[in-house]
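What follows is the content of start32.tsv (TSV, C-alpha atoms).
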```
chain	number	residue	atom	x	y	z
Q	1	MET	CA	155.78	257.61	148.58
Q	2	ARG	CA	154.38	254.08	148.45
Q	3	LYS	CA	155.44	251.31	150.75
Q	4	SER	CA	157.62	248.48	149.48
Q	5	LYS	CA	156.01	245.67	147.53
Q	6	ALA	CA	154.94	242.59	149.51
Q	7	LYS	CA	157.23	239.59	149.07
Q	8	LYS	CA	155.89	236.53	147.28
Q	9	ARG	CA	155.61	233.58	149.65
Q	10	ASP	CA	156.67	230.13	148.51
Q	11	LEU	CA	153.84	227.61	148.61
Q	12	ILE	CA	154.28	224.07	149.86
Q	13	PRO	CA	153.21	221.50	147.23
Q	14	ASP	CA	150.06	219.53	148.06
Q	15	PRO	CA	150.52	216.03	149.53
Q	16	LYS	CA	148.73	213.99	146.85
Q	17	PHE	CA	149.85	215.45	143.50
Q	18	ASN	CA	152.95	217.34	144.71
Q	19	GLU	CA	151.81	220.50	142.86
Q	20	THR	CA	152.05	224.09	144.13
Q	21	LEU	CA	149.24	225.00	141.68
Q	22	VAL	CA	146.85	222.74	143.60
Q	23	THR	CA	147.86	224.33	146.91
Q	24	ARG	CA	147.22	227.79	145.48
Q	25	PHE	CA	143.80	226.71	144.19
Q	26	VAL	CA	142.89	225.14	147.54
Q	27	ASN	CA	143.94	228.34	149.34
Q	28	ASN	CA	141.44	230.24	147.17
Q	29	LEU	CA	138.77	227.58	147.69
Q	30	MET	CA	139.18	227.57	151.46
Q	31	LEU	CA	136.59	229.27	153.67
Q	32	ASP	CA	137.18	230.34	157.30
Q	33	GLY	CA	140.67	228.77	157.40
Q	34	LYS	CA	139.36	225.21	156.92
Q	35	LYS	CA	142.17	224.00	154.70
Q	36	SER	CA	141.71	220.27	155.30
Q	37	ILE	CA	138.07	220.52	154.20
Q	38	ALA	CA	139.13	222.49	151.11
Q	39	PHE	CA	141.69	219.78	150.23
Q	40	LYS	CA	139.01	217.10	150.68
Q	41	ILE	CA	136.64	219.01	148.37
Q	42	PHE	CA	139.35	219.36	145.73
Q	43	TYR	CA	140.48	215.72	145.87
Q	44	ASP	CA	136.86	214.49	145.73
Q	45	ALA	CA	136.29	216.75	142.71
Q	46	VAL	CA	139.35	215.28	140.97
Q	47	ASN	CA	138.04	211.76	141.68
Q	48	ILE	CA	134.63	212.71	140.20
Q	49	ILE	CA	136.44	214.12	137.13
Q	50	ASP	CA	138.34	210.81	136.81
Q	51	GLU	CA	135.03	208.89	136.76
Q	52	LYS	CA	133.19	211.24	134.35
Q	53	LYS	CA	135.97	212.08	131.89
Q	54	SER	CA	135.86	211.08	128.26
Q	55	THR	CA	139.64	211.16	127.67
Q	56	ASP	CA	142.55	209.08	128.97
Q	57	ASP	CA	144.10	212.04	130.82
Q	58	PRO	CA	144.22	211.87	134.63
Q	59	GLY	CA	141.87	214.21	136.53
Q	60	ILE	CA	144.65	216.59	137.57
Q	61	GLU	CA	145.63	217.15	133.91
Q	62	ILE	CA	142.01	217.92	133.03
Q	63	PHE	CA	141.94	220.40	135.93
Q	64	LYS	CA	145.13	222.11	134.66
Q	65	GLN	CA	143.75	222.34	131.12
Q	66	ALA	CA	140.43	223.72	132.41
Q	67	LEU	CA	142.33	226.34	134.39
Q	68	GLN	CA	144.36	227.20	131.29
Q	69	ASN	CA	141.14	227.57	129.27
Q	70	SER	CA	139.58	229.89	131.86
Q	71	MET	CA	142.50	232.33	132.09
Q	72	PRO	CA	141.92	235.69	130.33
Q	73	HIS	CA	144.63	237.30	128.18
Q	74	VAL	CA	143.49	240.93	128.21
Q	75	GLU	CA	141.32	243.02	130.50
Q	76	VAL	CA	140.06	246.59	130.63
Q	77	ARG	CA	141.29	249.07	133.20
Q	78	SER	CA	139.74	252.44	133.96
Q	79	ARG	CA	141.87	255.51	133.30
Q	80	ARG	CA	140.93	259.17	133.64
Q	81	VAL	CA	142.04	261.33	130.75
Q	82	GLY	CA	141.00	264.99	130.67
Q	83	GLY	CA	137.96	264.61	132.91
Q	84	ALA	CA	136.62	261.52	131.12
Q	85	THR	CA	137.06	257.93	132.23
Q	86	PHE	CA	138.07	255.44	129.54
Q	87	GLN	CA	138.14	251.64	129.65
Q	88	ILE	CA	141.60	250.80	128.33
Q	89	PRO	CA	142.45	247.24	127.23
Q	90	MET	CA	145.70	245.94	128.75
Q	91	GLN	CA	147.66	242.72	128.78
Q	92	ILE	CA	147.45	240.78	132.06
Q	93	ARG	CA	150.47	239.63	134.06
Q	94	PRO	CA	150.80	235.80	134.14
Q	95	ASP	CA	150.31	235.75	137.91
Q	96	ARG	CA	147.06	237.73	137.67
Q	97	LYS	CA	145.84	235.54	134.79
Q	98	LEU	CA	146.16	232.50	137.04
Q	99	SER	CA	144.46	234.25	139.96
Q	100	LEU	CA	141.51	235.37	137.83
Q	101	GLY	CA	141.09	231.92	136.29
Q	102	MET	CA	141.05	230.27	139.73
Q	103	LYS	CA	138.69	232.83	141.25
Q	104	TRP	CA	136.25	232.53	138.35
Q	105	LEU	CA	136.28	228.71	138.50
Q	106	ILE	CA	135.56	228.79	142.23
Q	107	MET	CA	132.95	231.57	142.01
Q	108	PHE	CA	130.95	229.87	139.26
Q	109	SER	CA	131.31	226.47	140.95
Q	110	ARG	CA	129.67	227.87	144.06
Q	111	LYS	CA	126.77	229.21	141.98
Q	112	ARG	CA	125.96	225.82	140.41
Q	113	ASN	CA	122.98	223.73	141.48
Q	114	GLU	CA	124.55	220.33	142.27
Q	115	LYS	CA	124.31	218.83	145.74
Q	116	THR	CA	127.90	218.96	147.10
Q	117	MET	CA	130.71	221.43	146.49
Q	118	SER	CA	132.87	218.59	145.10
Q	119	GLN	CA	130.26	217.86	142.43
Q	120	LYS	CA	129.86	221.56	141.66
Q	121	LEU	CA	133.61	222.03	141.27
Q	122	ALA	CA	134.03	218.85	139.20
Q	123	ASN	CA	131.24	219.83	136.79
Q	124	GLU	CA	132.52	223.40	136.42
Q	125	VAL	CA	136.05	222.11	135.72
Q	126	LEU	CA	134.71	219.64	133.14
Q	127	SER	CA	132.68	222.36	131.41
Q	128	ALA	CA	135.73	224.67	131.40
Q	129	PHE	CA	137.79	221.79	129.97
Q	130	ARG	CA	135.26	221.50	127.12
Q	131	GLU	CA	135.36	225.31	126.74
Q	132	GLU	CA	131.75	225.90	127.75
Q	133	GLY	CA	130.00	227.01	130.92
Q	134	ALA	CA	129.90	230.18	133.01
Q	135	THR	CA	133.66	230.50	133.55
Q	136	ILE	CA	134.41	230.50	129.82
Q	137	LYS	CA	131.52	232.93	129.22
Q	138	LYS	CA	133.08	235.32	131.75
Q	139	LYS	CA	136.44	235.07	129.97
Q	140	GLN	CA	134.79	235.76	126.61
Q	141	ASP	CA	132.91	238.75	128.05
Q	142	VAL	CA	136.18	240.23	129.33
Q	143	HIS	CA	137.78	239.69	125.92
Q	144	LYS	CA	134.77	241.25	124.12
Q	145	MET	CA	134.97	244.29	126.40
Q	146	ALA	CA	138.67	244.69	125.60
Q	147	GLU	CA	137.99	244.27	121.88
Q	148	ALA	CA	135.21	246.88	121.97
Q	149	ASN	CA	137.50	249.42	123.67
Q	150	LYS	CA	140.51	248.78	121.42
Q	151	ALA	CA	140.18	252.35	120.10
Q	152	PHE	CA	141.33	253.71	123.48
Q	153	SER	CA	144.47	251.57	123.66
Q	154	HIS	CA	146.64	254.59	122.82
Q	155	PHE	CA	145.87	255.94	126.34
Q	156	ARG	CA	147.88	253.08	127.84
Q	157	PHE	CA	150.29	254.23	130.54
```
Give the structure from the file, written as structure tokens.
Amino acid sequence: MRKSKAKKRDLIPDPKFNETLVTRFVNNLMLDGKKSIAFKIFYDAVNIIDEKKSTDDPGIEIFKQALQNSMPHVEVRSRRVGGATFQIPMQIRPDRKLSLGMKWLIMFSRKRNEKTMSQKLANEVLSAFREEGATIKKKQDVHKMAEANKAFSHFRF
């Protein structure tokens, strides 16, 4: 029998914007336990977004919208049926949607060619806000894969 499910921990809101979403993003962004550096990177990125933006929205709202744009709605999961493995499209839990969106934003930010991580993150967030860039391409690829395997959706468990 499986062990009990791990309890969800409550996150403390970040000091500047008073948002738990920001804290969760910074926890994903953090490397080697350097949380203060991760917060500095995030806040610098938001300031860069404020300078570069073309709308009247504050930088944190642009970040939230970019995160919303980068969250997938369906994904494929492998399932063995009668000796064959099928890719079965499934809806994603809201919590996992958020995690995937954050991880993709961070991953593709790190792969960019700008000079500092703040600039990389700011530019990736801005491109996700405009619904372009590597993060959105990843989301579309996941959706295409699910659409292509729609015929196997009756194997859902």
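Nearest residue to Thr135 (chain Q), choosing from Q:Ser118, Q:Met71, Q:Gly83, Q:Asn113 and counting all atoms listed in the file: Q:Met71.
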| task | Using CA of Lys5 (chain Q) and CA of Lys35 (chain Q) as the two end points, give the distance in Å to one decimal. | result | 26.7 Å
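The space separating CA of Glu124 (chain Q) from CA of Asn28 (chain Q) comes to 15.6 Å.
Ranking Q:Val81, Q:Ile62, Q:Phe42, Q:Leu29 by their shortest atom-to-atom distance to Lys16 (chain Q), with all atoms listed in the file included, puts Q:Phe42 first.
Using all atoms listed in the file, the nearest neighbour of Trp104 (chain Q) within the list Q:Ile136, Q:Arg80, Q:Asp32, Q:Glu131 is Q:Ile136.
Taking CA of Val125 (chain Q) as the reference point, CA of Asp141 (chain Q) is found at 18.6 Å.
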